[in-house]
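**Q** Sharing run-v4.cif (mmCIF, C-alpha atoms, pLDDT in the B column; chains and numbers go by the auth columns) below.
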```cif
data_input
#
loop_
_atom_site.group_PDB
_atom_site.id
_atom_site.type_symbol
_atom_site.label_atom_id
_atom_site.label_comp_id
_atom_site.label_asym_id
_atom_site.label_seq_id
_atom_site.Cartn_x
_atom_site.Cartn_y
_atom_site.Cartn_z
_atom_site.B_iso_or_equiv
_atom_site.auth_seq_id
_atom_site.auth_asym_id
ATOM 1 C CA MET A 1 -3.884 40.505 2.873 45.00 1 X
ATOM 2 C CA ILE A 2 -0.149 40.362 2.604 46.00 2 X
ATOM 3 C CA ARG A 3 1.631 43.641 2.675 47.00 3 X
ATOM 4 C CA PRO A 4 5.285 44.454 2.581 45.00 4 X
ATOM 5 C CA THR A 5 6.999 46.101 5.485 45.00 5 X
ATOM 6 C CA GLY A 6 10.583 46.803 4.804 43.00 6 X
ATOM 7 C CA ARG A 7 12.492 43.652 3.956 44.00 7 X
ATOM 8 C CA THR A 8 9.672 41.194 4.241 40.00 8 X
ATOM 9 C CA ALA A 9 5.940 40.762 4.423 40.00 9 X
ATOM 10 C CA ILE A 10 3.447 40.734 7.214 38.00 10 X
ATOM 11 C CA THR A 11 0.737 38.162 6.831 39.00 11 X
ATOM 12 C CA THR A 12 -2.772 38.536 8.110 37.00 12 X
ATOM 13 C CA MET A 13 -5.872 36.419 7.659 39.00 13 X
ATOM 14 C CA SER A 14 -6.452 37.053 3.987 39.00 14 X
ATOM 15 C CA TRP A 15 -4.364 35.616 1.153 41.00 15 X
ATOM 16 C CA GLU A 16 -4.786 38.030 -1.661 41.00 16 X
ATOM 17 C CA PRO A 17 -1.871 38.339 -4.029 40.00 17 X
ATOM 18 C CA LEU A 18 0.753 40.731 -2.908 41.00 18 X
ATOM 19 C CA LEU A 19 0.899 43.566 -5.365 44.00 19 X
ATOM 20 C CA THR A 20 4.536 44.181 -4.787 48.00 20 X
ATOM 21 C CA LEU A 21 5.447 40.606 -5.669 52.00 21 X
ATOM 22 C CA ASP A 22 6.518 39.846 -9.169 59.00 22 X
ATOM 23 C CA GLU A 23 4.499 37.414 -11.264 62.00 23 X
ATOM 24 C CA PRO A 24 6.295 34.145 -10.290 62.00 24 X
ATOM 25 C CA GLN A 25 6.019 35.054 -6.638 62.00 25 X
ATOM 26 C CA ARG A 26 2.324 35.871 -7.029 58.00 26 X
ATOM 27 C CA GLN A 27 1.777 32.509 -8.691 62.00 27 X
ATOM 28 C CA GLN A 28 3.534 30.791 -5.850 61.00 28 X
ATOM 29 C CA GLN A 29 1.465 32.563 -3.244 56.00 29 X
ATOM 30 C CA LYS A 30 -1.621 31.577 -5.195 54.00 30 X
ATOM 31 C CA ALA A 31 -0.510 27.957 -5.297 52.00 31 X
ATOM 32 C CA ILE A 32 0.055 27.932 -1.567 52.00 32 X
ATOM 33 C CA SER A 33 -3.297 29.528 -0.917 47.00 33 X
ATOM 34 C CA PHE A 34 -5.055 26.610 -2.600 46.00 34 X
ATOM 35 C CA ARG A 35 -3.317 23.919 -0.593 47.00 35 X
ATOM 36 C CA GLY A 36 -6.354 22.897 1.460 45.00 36 X
ATOM 37 C CA SER A 37 -5.640 21.371 4.812 46.00 37 X
ATOM 38 C CA SER A 38 -2.129 22.597 5.326 47.00 38 X
ATOM 39 C CA LEU A 39 -3.273 26.099 4.598 46.00 39 X
ATOM 40 C CA ALA A 40 -6.291 25.691 6.834 47.00 40 X
ATOM 41 C CA SER A 41 -4.194 24.552 9.738 49.00 41 X
ATOM 42 C CA ALA A 42 -1.606 27.189 9.005 47.00 42 X
ATOM 43 C CA ARG A 43 -4.319 29.814 9.022 47.00 43 X
ATOM 44 C CA LYS A 44 -5.342 28.813 12.510 48.00 44 X
ATOM 45 C CA SER A 45 -1.924 29.619 13.743 46.00 45 X
ATOM 46 C CA GLU A 46 -1.717 32.597 11.510 44.00 46 X
ATOM 47 C CA HIS A 47 -3.600 34.706 14.006 41.00 47 X
ATOM 48 C CA ARG A 48 -0.194 35.329 15.351 43.00 48 X
ATOM 49 C CA ARG A 49 0.951 38.317 13.442 40.00 49 X
ATOM 50 C CA PHE A 50 4.340 37.806 11.892 42.00 50 X
ATOM 51 C CA ASN A 51 6.446 40.854 11.548 40.00 51 X
ATOM 52 C CA THR A 52 9.989 39.632 11.586 39.00 52 X
ATOM 53 C CA SER A 53 12.138 38.550 8.722 40.00 53 X
ATOM 54 C CA ASP A 54 11.860 34.866 9.571 42.00 54 X
ATOM 55 C CA SER A 55 8.099 35.026 9.981 41.00 55 X
ATOM 56 C CA VAL A 56 7.298 33.593 6.577 40.00 56 X
ATOM 57 C CA ASP A 57 9.579 30.677 7.290 39.00 57 X
ATOM 58 C CA ARG A 58 7.690 30.042 10.470 40.00 58 X
ATOM 59 C CA TRP A 59 4.451 30.169 8.585 40.00 59 X
ATOM 60 C CA LEU A 60 5.766 27.723 6.018 38.00 60 X
ATOM 61 C CA TRP A 61 6.661 25.268 8.699 39.00 61 X
ATOM 62 C CA ALA A 62 3.463 25.804 10.623 37.00 62 X
ATOM 63 C CA GLY A 63 0.466 23.536 10.363 37.00 63 X
ATOM 64 C CA ASP A 64 1.583 20.187 8.973 37.00 64 X
ATOM 65 C CA GLY A 65 4.651 21.570 7.322 37.00 65 X
ATOM 66 C CA CYS A 66 3.047 20.507 4.057 37.00 66 X
ATOM 67 C CA ALA A 67 3.920 23.585 2.091 38.00 67 X
ATOM 68 C CA ALA A 68 7.565 22.928 2.687 37.00 68 X
ATOM 69 C CA ASP A 69 7.148 19.199 2.093 38.00 69 X
ATOM 70 C CA ARG A 70 5.761 19.927 -1.342 39.00 70 X
ATOM 71 C CA GLY A 71 8.634 22.142 -2.182 39.00 71 X
ATOM 72 C CA LEU A 72 6.509 25.245 -2.093 40.00 72 X
ATOM 73 C CA GLY A 73 8.706 26.819 0.462 40.00 73 X
ATOM 74 C CA HIS A 74 11.711 27.197 -1.731 40.00 74 X
ATOM 75 C CA GLY A 75 10.492 30.288 -3.499 39.00 75 X
ATOM 76 C CA LEU A 76 9.851 32.140 -0.292 41.00 76 X
ATOM 77 C CA GLN A 77 13.098 30.868 1.128 40.00 77 X
ATOM 78 C CA ALA A 78 14.771 32.310 -1.923 39.00 78 X
ATOM 79 C CA ARG A 79 12.926 35.577 -1.403 40.00 79 X
ATOM 80 C CA HIS A 80 14.335 35.710 2.087 40.00 80 X
ATOM 81 C CA LEU A 81 17.791 35.134 0.774 41.00 81 X
ATOM 82 C CA THR A 82 17.408 37.889 -1.758 41.00 82 X
ATOM 83 C CA THR A 83 16.355 40.264 0.984 44.00 83 X
ATOM 84 C CA GLY A 84 19.280 39.271 3.108 45.00 84 X
ATOM 85 C CA SER A 85 17.389 37.322 5.721 49.00 85 X
ATOM 86 C CA MET A 86 19.042 34.167 7.031 55.00 86 X
ATOM 87 C CA ALA A 87 16.119 32.710 8.929 58.00 87 X
ATOM 88 C CA PRO A 88 16.905 29.259 10.342 60.00 88 X
ATOM 89 C CA ARG A 89 14.887 26.381 8.958 62.00 89 X
ATOM 90 C CA GLN A 90 12.677 24.506 11.355 61.00 90 X
ATOM 91 C CA PRO A 91 12.927 20.701 11.449 58.00 91 X
ATOM 92 C CA ARG A 92 10.637 18.848 9.062 58.00 92 X
ATOM 93 C CA ARG A 93 7.521 17.492 10.724 65.00 93 X
ATOM 94 C CA GLY A 94 5.804 14.161 10.037 77.00 94 X
ATOM 95 C CA LEU A 95 8.353 11.484 9.192 81.00 95 X
ATOM 96 C CA SER A 96 10.842 10.892 11.956 86.00 96 X
ATOM 97 C CA THR A 97 14.508 10.758 11.137 86.00 97 X
ATOM 98 C CA GLN A 98 14.600 7.113 12.144 85.00 98 X
ATOM 99 C CA ARG A 99 11.756 6.178 9.813 83.00 99 X
ATOM 100 C CA ARG A 100 13.179 8.240 7.008 85.00 100 X
ATOM 101 C CA ASN A 101 16.524 6.513 7.366 85.00 101 X
ATOM 102 C CA ASP A 102 14.787 3.142 7.494 84.00 102 X
ATOM 103 C CA LEU A 103 13.052 3.874 4.215 85.00 103 X
ATOM 104 C CA LEU A 104 16.227 5.071 2.574 84.00 104 X
ATOM 105 C CA ARG A 105 18.037 1.934 3.694 82.00 105 X
ATOM 106 C CA GLY A 106 15.365 -0.408 2.398 82.00 106 X
ATOM 107 C CA ARG A 107 13.905 -1.181 5.795 83.00 107 X
ATOM 108 C CA GLY A 108 10.363 -0.030 5.081 89.00 108 X
ATOM 109 C CA ILE A 109 7.693 -2.655 5.652 89.00 109 X
ATOM 110 C CA ALA A 110 6.198 -2.283 2.178 90.00 110 X
ATOM 111 C CA PHE A 111 9.577 -2.639 0.527 92.00 111 X
ATOM 112 C CA LEU A 112 10.586 -5.640 2.618 92.00 112 X
ATOM 113 C CA ALA A 113 7.230 -7.323 2.055 90.00 113 X
ATOM 114 C CA SER A 114 7.456 -6.791 -1.682 91.00 114 X
ATOM 115 C CA ARG A 115 10.961 -8.227 -1.799 91.00 115 X
ATOM 116 C CA VAL A 116 9.986 -11.316 0.134 90.00 116 X
ATOM 117 C CA GLY A 117 6.696 -11.604 -1.754 89.00 117 X
ATOM 118 C CA ALA A 118 8.309 -11.413 -5.169 91.00 118 X
ATOM 119 C CA ARG A 119 10.867 -14.019 -4.268 92.00 119 X
ATOM 120 C CA SER A 120 8.290 -16.239 -2.629 91.00 120 X
ATOM 121 C CA SER A 121 5.995 -16.077 -5.670 90.00 121 X
ATOM 122 C CA ARG A 122 8.809 -16.953 -8.012 92.00 122 X
ATOM 123 C CA ARG A 123 10.027 -19.865 -5.924 93.00 123 X
ATOM 124 C CA TRP A 124 6.467 -21.070 -5.356 92.00 124 X
ATOM 125 C CA GLY A 125 5.843 -21.074 -9.093 91.00 125 X
ATOM 126 C CA GLU A 126 9.004 -23.056 -9.692 93.00 126 X
ATOM 127 C CA ARG A 127 8.014 -25.646 -7.125 93.00 127 X
ATOM 128 C CA LEU A 128 4.534 -25.992 -8.554 92.00 128 X
ATOM 129 C CA ARG A 129 5.823 -26.435 -12.072 92.00 129 X
ATOM 130 C CA SER A 130 7.529 -29.582 -10.870 90.00 130 X
ATOM 131 C CA ILE A 131 4.087 -31.076 -10.333 89.00 131 X
ATOM 132 C CA ASP A 132 2.508 -29.479 -13.415 88.00 132 X
ATOM 133 C CA LEU A 133 0.472 -26.823 -11.654 89.00 133 X
ATOM 134 C CA ASP A 134 0.607 -23.062 -11.506 89.00 134 X
ATOM 135 C CA ALA A 135 -0.088 -20.820 -8.534 88.00 135 X
ATOM 136 C CA ARG A 136 -3.667 -20.056 -9.528 86.00 136 X
ATOM 137 C CA GLN A 137 -4.513 -23.706 -10.012 88.00 137 X
ATOM 138 C CA ALA A 138 -2.953 -24.620 -6.687 89.00 138 X
ATOM 139 C CA MET A 139 -4.900 -21.917 -4.882 87.00 139 X
ATOM 140 C CA LEU A 140 -8.146 -23.040 -6.455 88.00 140 X
ATOM 141 C CA PHE A 141 -7.337 -26.660 -5.710 88.00 141 X
ATOM 142 C CA TRP A 142 -6.788 -25.810 -2.056 87.00 142 X
ATOM 143 C CA ASN A 143 -10.027 -23.926 -1.817 87.00 143 X
ATOM 144 C CA VAL A 144 -11.895 -26.893 -3.233 90.00 144 X
ATOM 145 C CA ALA A 145 -10.078 -29.221 -0.853 88.00 145 X
ATOM 146 C CA ILE A 146 -11.040 -27.054 2.122 87.00 146 X
ATOM 147 C CA ALA A 147 -14.745 -27.444 1.387 86.00 147 X
ATOM 148 C CA GLU A 148 -15.539 -30.100 -1.172 89.00 148 X
ATOM 149 C CA GLY A 149 -18.983 -30.107 -2.740 90.00 149 X
ATOM 150 C CA GLN A 150 -19.241 -26.346 -3.341 89.00 150 X
ATOM 151 C CA SER A 151 -20.673 -25.150 -6.597 89.00 151 X
ATOM 152 C CA GLN A 152 -18.555 -22.976 -8.826 88.00 152 X
ATOM 153 C CA ARG A 153 -20.673 -20.005 -7.876 87.00 153 X
ATOM 154 C CA GLN A 154 -20.220 -20.653 -4.165 87.00 154 X
ATOM 155 C CA LEU A 155 -16.497 -20.983 -4.663 88.00 155 X
ATOM 156 C CA ALA A 156 -16.374 -17.782 -6.681 87.00 156 X
ATOM 157 C CA ASP A 157 -18.343 -15.961 -3.993 86.00 157 X
ATOM 158 C CA ALA A 158 -16.044 -17.291 -1.275 83.00 158 X
ATOM 159 C CA LEU A 159 -13.044 -16.034 -3.183 82.00 159 X
ATOM 160 C CA GLY A 160 -14.675 -12.724 -4.050 81.00 160 X
ATOM 161 C CA LEU A 161 -14.138 -13.346 -7.761 82.00 161 X
ATOM 162 C CA PRO A 162 -16.444 -13.508 -10.752 86.00 162 X
ATOM 163 C CA GLU A 163 -17.448 -17.042 -11.663 87.00 163 X
ATOM 164 C CA SER A 164 -16.070 -16.552 -15.153 87.00 164 X
ATOM 165 C CA ARG A 165 -12.550 -16.448 -13.707 86.00 165 X
ATOM 166 C CA ILE A 166 -13.093 -19.718 -11.916 87.00 166 X
ATOM 167 C CA VAL A 167 -14.491 -21.705 -14.812 90.00 167 X
ATOM 168 C CA GLY A 168 -11.327 -21.814 -16.862 89.00 168 X
ATOM 169 C CA LEU A 169 -9.237 -22.926 -13.918 88.00 169 X
ATOM 170 C CA VAL A 170 -11.726 -25.619 -12.984 91.00 170 X
ATOM 171 C CA ASP A 171 -11.699 -26.768 -16.597 92.00 171 X
ATOM 172 C CA SER A 172 -7.941 -27.132 -16.608 91.00 172 X
ATOM 173 C CA LEU A 173 -7.862 -28.913 -13.255 91.00 173 X
ATOM 174 C CA GLU A 174 -10.616 -31.232 -14.395 91.00 174 X
ATOM 175 C CA THR A 175 -8.844 -31.958 -17.658 91.00 175 X
ATOM 176 C CA ASP A 176 -5.677 -32.831 -15.759 88.00 176 X
ATOM 177 C CA GLY A 177 -7.639 -35.109 -13.464 89.00 177 X
ATOM 178 C CA HIS A 178 -7.254 -33.114 -10.253 88.00 178 X
ATOM 179 C CA LEU A 179 -10.897 -32.105 -9.860 89.00 179 X
ATOM 180 C CA GLU A 180 -14.256 -33.294 -11.054 90.00 180 X
ATOM 181 C CA ARG A 181 -17.643 -31.675 -11.383 90.00 181 X
ATOM 182 C CA ARG A 182 -20.525 -33.726 -10.058 89.00 182 X
ATOM 183 C CA THR A 183 -24.214 -33.176 -10.422 86.00 183 X
ATOM 184 C CA THR A 184 -26.510 -33.729 -7.494 79.00 184 X
ATOM 185 C CA PRO A 185 -29.906 -35.387 -7.691 78.00 185 X
ATOM 186 C CA SER A 186 -31.502 -32.489 -5.844 78.00 186 X
ATOM 187 C CA ASP A 187 -30.264 -29.853 -8.271 76.00 187 X
ATOM 188 C CA ARG A 188 -29.106 -31.096 -11.632 75.00 188 X
ATOM 189 C CA ARG A 189 -28.073 -27.628 -12.765 77.00 189 X
ATOM 190 C CA ALA A 190 -25.545 -27.192 -10.005 78.00 190 X
ATOM 191 C CA ARG A 191 -22.128 -28.676 -10.598 83.00 191 X
ATOM 192 C CA ARG A 192 -20.393 -29.511 -7.350 89.00 192 X
ATOM 193 C CA LEU A 193 -16.615 -29.502 -7.208 91.00 193 X
ATOM 194 C CA HIS A 194 -14.777 -32.461 -5.725 91.00 194 X
ATOM 195 C CA LEU A 195 -11.239 -33.726 -5.658 90.00 195 X
ATOM 196 C CA THR A 196 -10.704 -36.786 -7.725 86.00 196 X
ATOM 197 C CA GLY A 197 -10.298 -40.043 -5.867 67.00 197 X
ATOM 198 C CA GLY A 198 -6.531 -40.058 -6.211 58.00 198 X
ATOM 199 C CA ALA A 199 -4.836 -38.273 -3.361 49.00 199 X
ATOM 200 C CA ALA A 200 -1.649 -37.714 -5.350 53.00 200 X
ATOM 201 C CA THR A 201 -2.232 -34.026 -6.091 58.00 201 X
ATOM 202 C CA SER A 202 -3.441 -33.254 -2.618 61.00 202 X
ATOM 203 C CA SER A 203 -0.408 -34.785 -0.980 59.00 203 X
ATOM 204 C CA SER A 204 1.956 -33.217 -3.494 64.00 204 X
ATOM 205 C CA VAL A 205 0.664 -29.672 -3.305 66.00 205 X
ATOM 206 C CA MET B 1 1.261 -30.924 1.033 66.00 1 O
ATOM 207 C CA THR B 2 4.857 -31.667 0.232 84.00 2 O
ATOM 208 C CA VAL B 3 5.518 -28.678 -1.988 90.00 3 O
ATOM 209 C CA ALA B 4 3.761 -26.241 0.323 90.00 4 O
ATOM 210 C CA ALA B 5 5.602 -27.605 3.343 92.00 5 O
ATOM 211 C CA GLU B 6 8.924 -27.295 1.581 92.00 6 O
ATOM 212 C CA HIS B 7 8.161 -23.779 0.505 92.00 7 O
ATOM 213 C CA GLU B 8 7.086 -22.752 3.966 92.00 8 O
ATOM 214 C CA ALA B 9 10.170 -24.296 5.525 92.00 9 O
ATOM 215 C CA ASP B 10 12.344 -22.542 2.976 91.00 10 O
ATOM 216 C CA PHE B 11 10.902 -19.135 3.720 89.00 11 O
ATOM 217 C CA SER B 12 10.708 -19.401 7.438 90.00 12 O
ATOM 218 C CA ARG B 13 14.220 -20.669 7.856 90.00 13 O
ATOM 219 C CA GLY B 14 16.170 -18.494 10.202 91.00 14 O
ATOM 220 C CA LEU B 15 13.088 -17.763 12.248 94.00 15 O
ATOM 221 C CA LYS B 16 12.426 -19.223 15.652 95.00 16 O
ATOM 222 C CA PRO B 17 8.950 -20.704 16.167 93.00 17 O
ATOM 223 C CA ALA B 18 7.879 -17.733 18.258 96.00 18 O
ATOM 224 C CA GLU B 19 9.176 -15.304 15.650 96.00 19 O
ATOM 225 C CA ARG B 20 7.391 -17.189 12.912 94.00 20 O
ATOM 226 C CA ALA B 21 4.150 -17.071 14.898 95.00 21 O
ATOM 227 C CA ALA B 22 4.596 -13.351 15.495 96.00 22 O
ATOM 228 C CA LEU B 23 5.241 -12.750 11.799 94.00 23 O
ATOM 229 C CA VAL B 24 2.124 -14.691 10.839 93.00 24 O
ATOM 230 C CA THR B 25 0.114 -12.592 13.259 95.00 25 O
ATOM 231 C CA LEU B 26 1.498 -9.326 11.937 94.00 26 O
ATOM 232 C CA LEU B 27 1.125 -10.210 8.268 92.00 27 O
ATOM 233 C CA SER B 28 -2.416 -11.418 8.899 91.00 28 O
ATOM 234 C CA LYS B 29 -3.111 -8.078 10.481 93.00 29 O
ATOM 235 C CA VAL B 30 -1.740 -6.231 7.467 92.00 30 O
ATOM 236 C CA ILE B 31 -3.771 -8.403 5.102 89.00 31 O
ATOM 237 C CA ALA B 32 -6.919 -7.735 7.108 89.00 32 O
ATOM 238 C CA ALA B 33 -6.212 -4.012 7.161 92.00 33 O
ATOM 239 C CA HIS B 34 -6.067 -4.026 3.375 89.00 34 O
ATOM 240 C CA GLY B 35 -9.269 -6.019 3.082 86.00 35 O
ATOM 241 C CA LEU B 36 -7.499 -8.903 1.386 84.00 36 O
ATOM 242 C CA LEU B 37 -8.508 -12.524 1.601 77.00 37 O
ATOM 243 C CA ALA B 38 -5.702 -14.755 2.787 71.00 38 O
ATOM 244 C CA THR B 39 -7.015 -17.647 0.713 70.00 39 O
ATOM 245 C CA VAL B 40 -6.895 -15.819 -2.600 73.00 40 O
ATOM 246 C CA HIS B 41 -3.741 -15.780 -4.659 69.00 41 O
ATOM 247 C CA PRO B 42 -2.846 -12.336 -6.076 66.00 42 O
ATOM 248 C CA ASP B 43 -2.949 -13.779 -9.596 64.00 43 O
ATOM 249 C CA LEU B 44 -6.540 -14.927 -9.264 64.00 44 O
#
```
Translate the structure described by the file into structure tokens.
**A**
Amino acid sequence: MIRPTGRTAITTMSWEPLLTLDEPQRQQQKAISFRGSSLASARKSEHRRFNTSDSVDRWLWAGDGCAADRGLGHGLQARHLTTGSMAPRQPRRGLSTQRRNDLLRGRGIAFLASRVGARSSRRWGERLRSIDLDARQAMLFWNVAIAEGQSQRQLADALGLPESRIVGLVDSLETDGHLERRTTPSDRRARRLHLTGGAATSSSV
Amino acid sequence: MTVAAEHEADFSRGLKPAERAALVTLLSKVIAAHGLLATVHPDL
């Protein structure tokens, strides 16, 4: 139960809407009360009874600080301001300042990898076009070269792809003379994939 | 392997051999952590 004492509220273990709050404030309390883990961890520390004007701030920054991270703290901060409390904010938990600055300056790993990856893919495609291949064909060609004699199904399984996605690429590589399908006397249904005799593509790619 | 060698040289320029090896190790680790196959192109 939350009950008002003078300028601010005292929180105890229960999170029933505060009757003295107006409707937006009640909705905000309700929203906070449904915020799973952050609330759960905040509740653990909530055994401490808050009875000072900055107590709600402390609660907001308790646990994982998630309520504040999600912007849920602003309403209660505003309530403090309206009651004249100037409780100091606690530092944000989780992301360090260094990491936050790295992200803001484009030094996050995901961002850097995507930049390099996008450029690499574009340049790789340009290079392959000079020998009349695209990136998918080149990748398939390499996988055949690594282990010649696989069936299409085996190749598809090795790549973790449905065979239907392989067939079209094999067709195009066969049409262009880079690969050939061969039958084997032991199993005439299976079509084994081999590089064509010419080593031109292999040495070029 | 001409095109691949050129491409690799282009992208690893500026890196010392030890740095290149370290980058390969780290990227391989990231790929493994995401359950990706290194031999499969993203477009496939």
**Q** Do you have the CA of Asp102 (chain X)-CA of Lys16 (chain O) distance handy?
**A**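 If I compute the distance from CA of Asp102 (chain X) to CA of Lys16 (chain O), I get 23.9 Å.
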**Q** Taking all atoms listed in the file into account and nothing else, which residues of chain X lie no more than 12 Å away from chain O? Please answer as a VMD selection string.
**A** chain X and resid 109 to 110 112 to 113 116 to 146 155 to 169 199 to 205
**Q** One decimal, in Å: what's the spacing between CA of Phe111 (chain X) and CA of Leu95 (chain X)?
**A**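 Separation between CA of Phe111 (chain X) and CA of Leu95 (chain X): 16.6 Å.
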**Q** Any idea what the distance is between CA of Ala147 (chain X) and CA of Thr183 (chain X)?
**A** 16.2 Å
**Q** Run the PyMOL selection byres ((chain X and resi 184-191) around 10) on the file and write out the hits as a PyMOL selection string.
**A** chain X and resi 149-153+180-183+192-194
